[in-house]
Structures are given as structure tokens and as C-alpha cells.
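Source file: structure-v3.txt; contents: compact mmCIF, C-alpha atoms.
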# COMPACT_ATOMS: atom_id res chain seq x y z
CA VAL A 1282 0.00 0.00 0.00
CA LYS A 1283 2.84 2.41 0.88
CA ASP A 1284 4.81 1.44 -2.25
CA GLU A 1285 7.89 0.45 -0.22
CA GLY A 1286 10.26 -2.43 -0.88
CA VAL A 1287 10.00 -5.42 1.48
CA LEU A 1288 12.13 -8.56 1.75
CA PHE A 1289 10.52 -11.76 3.02
CA LEU A 1290 13.16 -14.25 4.23
CA PHE A 1291 11.99 -17.82 4.74
CA THR A 1292 14.10 -20.91 5.49
CA ASP A 1293 13.16 -24.56 5.23
CA GLY A 1294 13.67 -24.86 8.99
CA GLN A 1295 10.60 -22.64 9.44
CA ILE A 1296 8.32 -24.99 7.48
CA THR A 1297 6.39 -26.56 10.33
CA ASN A 1298 3.48 -27.32 7.98
CA GLU A 1299 3.65 -28.01 4.25
CA LYS A 1300 0.56 -25.82 3.79
CA PHE A 1301 2.88 -22.82 4.17
CA LEU A 1302 4.24 -23.61 0.72
CA VAL A 1303 0.76 -23.51 -0.83
CA PHE A 1304 0.50 -19.81 0.03
CA ILE A 1305 4.11 -19.11 -0.98
CA ASN A 1306 3.53 -20.87 -4.29
CA ASP A 1307 0.44 -18.71 -4.99
CA LEU A 1308 2.28 -15.56 -3.96
CA LEU A 1309 5.22 -16.32 -6.23
CA ALA A 1310 3.00 -17.26 -9.16
CA SER A 1311 0.48 -14.40 -9.09
CA GLY A 1312 1.35 -12.01 -6.26
CA ASP A 1313 -1.99 -12.81 -4.63
CA ILE A 1314 -3.22 -15.34 -2.08
CA ALA A 1315 -6.85 -16.31 -2.48
CA ASP A 1316 -9.17 -15.53 0.46
CA LEU A 1317 -6.35 -13.96 2.47
CA TYR A 1318 -8.24 -10.71 3.15
CA ALA A 1319 -11.76 -10.18 4.43
CA SER A 1320 -14.06 -7.89 2.45
CA ASP A 1321 -13.59 -4.95 4.84
CA GLU A 1322 -9.80 -5.37 4.68
CA LYS A 1323 -9.96 -5.33 0.88
CA ASP A 1324 -11.96 -2.09 0.99
CA ALA A 1325 -9.33 -0.52 3.25
CA ILE A 1326 -6.56 -1.61 0.87
CA ARG A 1327 -8.44 -0.21 -2.15
CA ASN A 1328 -8.86 3.13 -0.39
CA GLY A 1329 -5.16 3.10 0.49
CA VAL A 1330 -4.04 2.76 -3.12
CA ARG A 1331 -6.75 4.95 -4.67
CA SER A 1332 -4.58 8.06 -4.93
CA GLY A 1333 -1.70 6.09 -6.47
CA CYS A 1334 -4.05 4.47 -8.94
CA LYS A 1335 -5.47 7.82 -10.01
CA GLY A 1336 -1.96 9.24 -10.25
CA ALA A 1337 -1.07 6.46 -12.69
CA GLY A 1338 -4.02 7.48 -14.87
CA ILE A 1339 -6.10 4.41 -14.09
CA GLN A 1340 -9.81 4.60 -13.37
CA ASP A 1341 -10.45 3.80 -9.71
CA THR A 1342 -12.90 0.93 -10.09
CA PRO A 1343 -12.76 -1.84 -7.45
CA GLU A 1344 -11.21 -4.26 -9.94
CA ASN A 1345 -8.60 -1.72 -11.09
CA LEU A 1346 -7.73 -0.76 -7.54
CA TRP A 1347 -7.13 -4.37 -6.58
CA SER A 1348 -5.10 -5.05 -9.71
CA PHE A 1349 -3.03 -1.96 -8.95
CA PHE A 1350 -2.42 -3.25 -5.43
CA ILE A 1351 -1.32 -6.66 -6.79
CA SER A 1352 1.06 -4.92 -9.22
CA ARG A 1353 2.65 -3.10 -6.29
CA ILE A 1354 3.12 -6.41 -4.50
CA ARG A 1355 4.86 -7.84 -7.54
CA LYS A 1356 7.10 -4.80 -7.78
CA ASN A 1357 8.00 -4.31 -4.11
CA LEU A 1358 7.81 -7.72 -2.43
CA HIS A 1359 11.01 -9.72 -2.77
CA MET A 1360 11.15 -13.26 -1.40
CA SER A 1361 14.33 -15.02 -0.34
CA LEU A 1362 13.79 -18.74 0.20
CA CYS A 1363 16.69 -20.61 1.80
CA PHE A 1364 16.42 -24.35 1.18
CA SER A 1365 18.97 -27.08 1.75
CA PRO A 1366 19.54 -29.59 -1.09
CA VAL A 1367 20.22 -32.37 1.43
CA GLY A 1368 17.77 -35.25 1.13
CA ASP A 1369 14.59 -35.43 -0.97
CA ALA A 1370 12.67 -32.55 0.66
CA MET A 1371 13.69 -29.86 -1.81
CA ARG A 1372 13.09 -32.15 -4.83
CA ASN A 1373 9.62 -33.12 -3.61
CA ARG A 1374 8.65 -29.55 -2.81
CA ALA A 1375 9.80 -28.33 -6.21
CA ARG A 1376 7.60 -30.98 -7.83
CA LYS A 1377 4.53 -30.16 -5.72
CA PHE A 1378 4.95 -26.38 -5.86
CA PRO A 1379 6.38 -25.49 -9.30
CA ALA A 1380 6.50 -21.74 -8.60
CA LEU A 1381 9.43 -22.42 -6.26
CA VAL A 1382 11.45 -23.13 -9.41
CA ASN A 1383 9.59 -21.42 -12.26
CA CYS A 1384 9.13 -18.05 -10.54
CA THR A 1385 12.47 -17.75 -8.74
CA VAL A 1386 16.16 -17.43 -9.49
CA ILE A 1387 18.10 -20.24 -7.83
CA ASP A 1388 21.43 -19.18 -6.37
CA TRP A 1389 23.50 -22.27 -5.54
CA PHE A 1390 26.04 -21.55 -2.82
CA GLN A 1391 29.34 -23.12 -3.74
CA PRO A 1392 31.90 -24.48 -1.23
CA TRP A 1393 33.95 -21.89 0.63
CA PRO A 1394 37.63 -21.60 -0.30
CA MET A 1395 40.29 -22.45 2.28
CA ASP A 1396 41.08 -18.82 3.13
CA ALA A 1397 37.39 -18.14 3.83
CA LEU A 1398 37.20 -21.19 6.11
CA TYR A 1399 40.36 -20.02 7.89
CA ASN A 1400 39.09 -16.47 8.41
CA VAL A 1401 35.69 -17.63 9.66
CA GLY A 1402 37.31 -20.07 12.07
CA ALA A 1403 39.70 -17.41 13.34
CA LYS A 1404 36.80 -15.02 13.93
CA PHE A 1405 34.78 -17.50 15.98
CA LEU A 1406 37.80 -18.72 17.96
CA GLU A 1407 38.96 -15.20 18.84
CA PRO A 1408 36.82 -14.83 22.00
CA ILE A 1409 38.13 -18.11 23.51
CA GLU A 1410 40.73 -16.89 25.99
CA GLN A 1411 41.81 -20.42 26.94
CA LEU A 1412 43.55 -20.81 23.57
CA GLY A 1413 46.06 -18.15 24.53
CA PRO A 1414 47.02 -14.93 22.72
CA LEU A 1415 46.29 -14.44 19.04
CA ASP A 1416 49.80 -15.50 18.04
CA SER A 1417 50.09 -18.51 20.35
CA PRO A 1418 51.14 -21.80 18.66
CA VAL A 1419 48.09 -23.59 20.11
CA ARG A 1420 45.61 -21.10 18.66
CA LEU A 1421 47.37 -20.96 15.29
CA GLY A 1422 47.48 -24.75 15.10
CA ILE A 1423 43.76 -25.05 15.76
CA MET A 1424 42.99 -22.32 13.23
CA ASP A 1425 44.97 -24.25 10.60
CA PHE A 1426 43.44 -27.61 11.51
CA LEU A 1427 39.76 -26.60 11.31
CA PRO A 1428 39.71 -25.78 7.56
CA PHE A 1429 42.08 -28.68 6.84
CA SER A 1430 39.82 -31.20 8.59
CA PHE A 1431 36.73 -29.81 6.88
CA GLU A 1432 38.39 -29.98 3.46
CA ALA A 1433 39.56 -33.52 4.17
CA ALA A 1434 36.00 -34.51 5.14
CA GLY A 1435 34.76 -33.07 1.84
CA GLN A 1436 37.27 -35.15 -0.11
CA VAL A 1437 36.24 -38.30 1.75
CA ALA A 1438 32.58 -37.47 1.03
CA THR A 1439 33.39 -37.23 -2.69
CA THR A 1440 35.14 -40.60 -2.58
CA PHE A 1441 32.17 -42.04 -0.68
CA MET A 1442 29.84 -40.76 -3.40
CA ASN A 1443 31.97 -42.27 -6.18
CA VAL A 1444 32.25 -45.65 -4.49
CA GLN A 1445 28.93 -46.09 -2.66
CA ARG A 1446 26.75 -43.74 -4.77
CA ARG A 1447 25.51 -42.08 -1.60
CA PHE A 1448 25.71 -38.42 -0.65
CA ALA A 1449 27.42 -37.09 2.46
CA TYR A 1450 27.15 -33.32 2.41
CA THR A 1451 29.78 -30.93 3.77
CA THR A 1452 28.34 -27.42 3.52
CA PRO A 1453 29.36 -24.06 5.04
CA LYS A 1454 26.67 -24.65 7.64
CA SER A 1455 28.42 -27.90 8.55
CA PHE A 1456 31.63 -25.93 9.09
CA LEU A 1457 29.84 -23.47 11.36
CA GLU A 1458 28.36 -26.40 13.29
CA LEU A 1459 31.87 -27.85 13.61
CA ILE A 1460 33.14 -24.59 15.13
CA LYS A 1461 30.11 -24.40 17.43
CA LEU A 1462 30.70 -27.98 18.59
CA TYR A 1463 34.41 -27.32 19.20
CA THR A 1464 33.80 -24.12 21.17
CA SER A 1465 31.15 -25.81 23.31
CA MET A 1466 33.48 -28.76 23.97
CA VAL A 1467 36.29 -26.38 24.93
CA GLY A 1468 33.96 -24.66 27.38
CA MET A 1469 32.88 -27.99 28.88
CA LYS A 1470 36.47 -29.23 29.18
CA VAL A 1471 37.63 -25.97 30.74
CA ASP A 1472 34.82 -26.12 33.30
CA ALA A 1473 35.69 -29.74 34.10
CA LEU A 1474 39.39 -28.90 34.52
CA GLU A 1475 38.54 -25.91 36.70
CA ASP A 1476 36.40 -28.18 38.88
CA GLN A 1477 39.20 -30.74 39.16
CA LYS A 1478 41.67 -27.96 39.92
CA ASP A 1479 39.45 -26.64 42.73
CA ARG A 1480 39.03 -30.13 44.17
CA LEU A 1481 42.78 -30.75 44.02
CA THR A 1482 43.54 -27.38 45.60
CA ASN A 1483 41.06 -28.02 48.39
CA GLY A 1484 42.48 -31.50 48.96
CA LEU A 1485 46.07 -30.21 49.13
CA GLU A 1486 44.98 -27.46 51.51
CA LYS A 1487 43.33 -30.00 53.80
CA LEU A 1488 46.43 -32.22 53.65
CA ARG A 1489 48.62 -29.26 54.56
CA ALA A 1490 46.36 -28.30 57.44
CA THR A 1491 46.25 -31.91 58.66
CA SER A 1492 50.05 -32.15 58.43
CA GLU A 1493 50.41 -29.02 60.56
CA GLN A 1494 47.98 -30.40 63.13
CA VAL A 1495 49.86 -33.71 63.28
CA ALA A 1496 53.14 -31.86 63.71
CA GLY A 1497 51.59 -29.84 66.51
CA LEU A 1498 50.35 -32.97 68.26
CA GLU A 1499 53.79 -34.57 67.98
CA GLU A 1500 55.31 -31.54 69.65
CA GLU A 1501 52.78 -31.73 72.47
CA LEU A 1502 53.44 -35.47 73.00
CA LYS A 1503 57.16 -34.82 73.36
Write-out of the structure in C-alpha cells:
Amino acid sequence: VKDEGVLFLFTDGQITNEKFLVFINDLLASGDIADLYASDEKDAIRNGVRSGCKGAGIQDTPENLWSFFISRIRKNLHMSLCFSPVGDAMRNRARKFPALVNCTVIDWFQPWPMDALYNVGAKFLEPIEQLGPLDSPVRLGIMDFLPFSFEAAGQVATTFMNVQRRFAYTTPKSFLELIKLYTSMVGMKVDALEDQKDRLTNGLEKLRATSEQVAGLEEELK
């Protein structure tokens, strides 16, 4: 109605009901969703675009007003659908809802290069103080190993596909999950070591105190 650009971002993780795609398919195909608005809401929309319709030199009949509103939707509403190619879900949805393919431009995200993997890993590992300073050998070794291990897993997945004819996907999201898993494991291990350190410190303190008490008793017995 306001003639402003809008981006609608929708991921396959948000599809809790396949009926969502029925409406998205209609919206992509025609810019309209049947029976979405009540009659009073349609009247309010027609009144909202009446001045724009007249300004475009179009007679303000109810049909023309609604068509003008739909044309604004087609011009201003941009949809970004983020689907994963893993499994059969995307293939089945493209077959059931053809507008997902026919009325969109598919942008396939290619694998990240090694320097991108390295930089992303370095960025996410930067807040972890337990790895030492930024130039410590431990931190640098981990930063080198993360992209290497991910690239090696991708090569094994390709070999697995060639031999077994089965897919094992290694995507940028998998790399981010790898970093997330590593950082969470580091946090858990650090907490466990801190707990063991506290228990050891307390035990040594009690042993020291007990040793002093025993020494005191020996002096008294003399």
C-alpha cells in the first residue's frame, strides 16, 4: 500500500506445515493469495491505493484498484527462500509447488575456499581466551586444523559418493556447526578442569592443614 520495498526471508527450517508452501507458491506465481483478506480489509486496501491508482491514470474501479495493489506487491515484495539440497525434501517440494522453481532465481552456494574457512574459524575462535594470545602456537594450530579437517572430510565425502553412490554433504553450515561444537566442547572441558583444579587445591589445603595439626600434636606429645 505504501509502495515500499520489502524482503521476506523464509528458510526450510521454518516450514512446520507443508501448507505454508501452498501460500508461498500462490504468492510467487500471481502475487496474490486467495481468500487472504476479508471484504472490509480489501476495501481498506483499495482506499489506500486509490490516490496512487489515479496518479497512474487508471480509473479507480474496485477491480482496477485491486489489480493496482497486486502490481505493487509484484514490484516491491522480494522473497528469499533458503532451502537445503540435502535429502529429498527440496526435490519433492519443487515438484509439488512449481512456482518455487519457475518463478524464482536459484542461487547455488558453492563451497567456501580455504582462506574463507580459515578467516571464519579465526573469527569465531577469537573470543576463547583459553587458547592463549592471538599469536600462540596452540591457537594458530587449531585455526589451521579446522579448515584442513573440513576440506579432508569433503574429499572423503566425494570418494564415498563415487564408491557407494551415496551423498554425504559438507556445507558451510556444517563448518559453522563444527566450530560451534568445538567451542562448546572447549567450554565444557575448561569447566571440568577448573572443577578438578578446585578439588585438588582443596584436597592439598586440607592435607597441609592436617600435616600441621599432626606436627603440633607430635610436639605436644614430646
What residues have an atom no more than 10 Å from (-0.8, -2.9, -8.9) in the file's own frame, counting all atoms listed in the file, and can you write them as a PyMOL selection string? chain A and resi 1282+1284+1312+1330+1333-1334+1345-1356
Inset, instruction - Quote the spacing between atom CA of A:Val1495 and atom CA of A:Thr1482 in Å to one decimal place. - result: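 For atom CA of A:Val1495 relative to atom CA of A:Thr1482, the distance reads 19.8 Å.
Across the model, the gap from atom CA of A:His1359 to atom CA of A:Pro1392 is 25.6 Å.
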With all atoms listed in the file as the counted atoms, please give the residues lying no more than 12 Å from A:Ser1455, apart from itself and same-chain residues fewer than 4 positions off, as a PyMOL selection string. chain A and resi 1365+1367+1392-1393+1398+1427-1428+1430-1432+1434-1435+1449-1451+1459-1462
Quick one: residues within 12 Å of A:Gln1411, all atoms listed in the file counted, chain neighbours fewer than 3 positions away excluded, as a list in words? Leu1406, Glu1407, Pro1408, Pro1414, Leu1415, Ser1417, Val1419, Arg1420, Thr1464, Val1467, Gly1468, Met1469, Lys1470, Val1471, Asp1472, Leu1474 and Glu1475 of chain A
With distances taken over all atoms listed in the file, which residue among A:Lys1300, A:Lys1503, A:Arg1447, A:Arg1327 lies nearest A:Gly1368?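 Answer, going by the shortest atom-to-atom distance: A:Arg1447.
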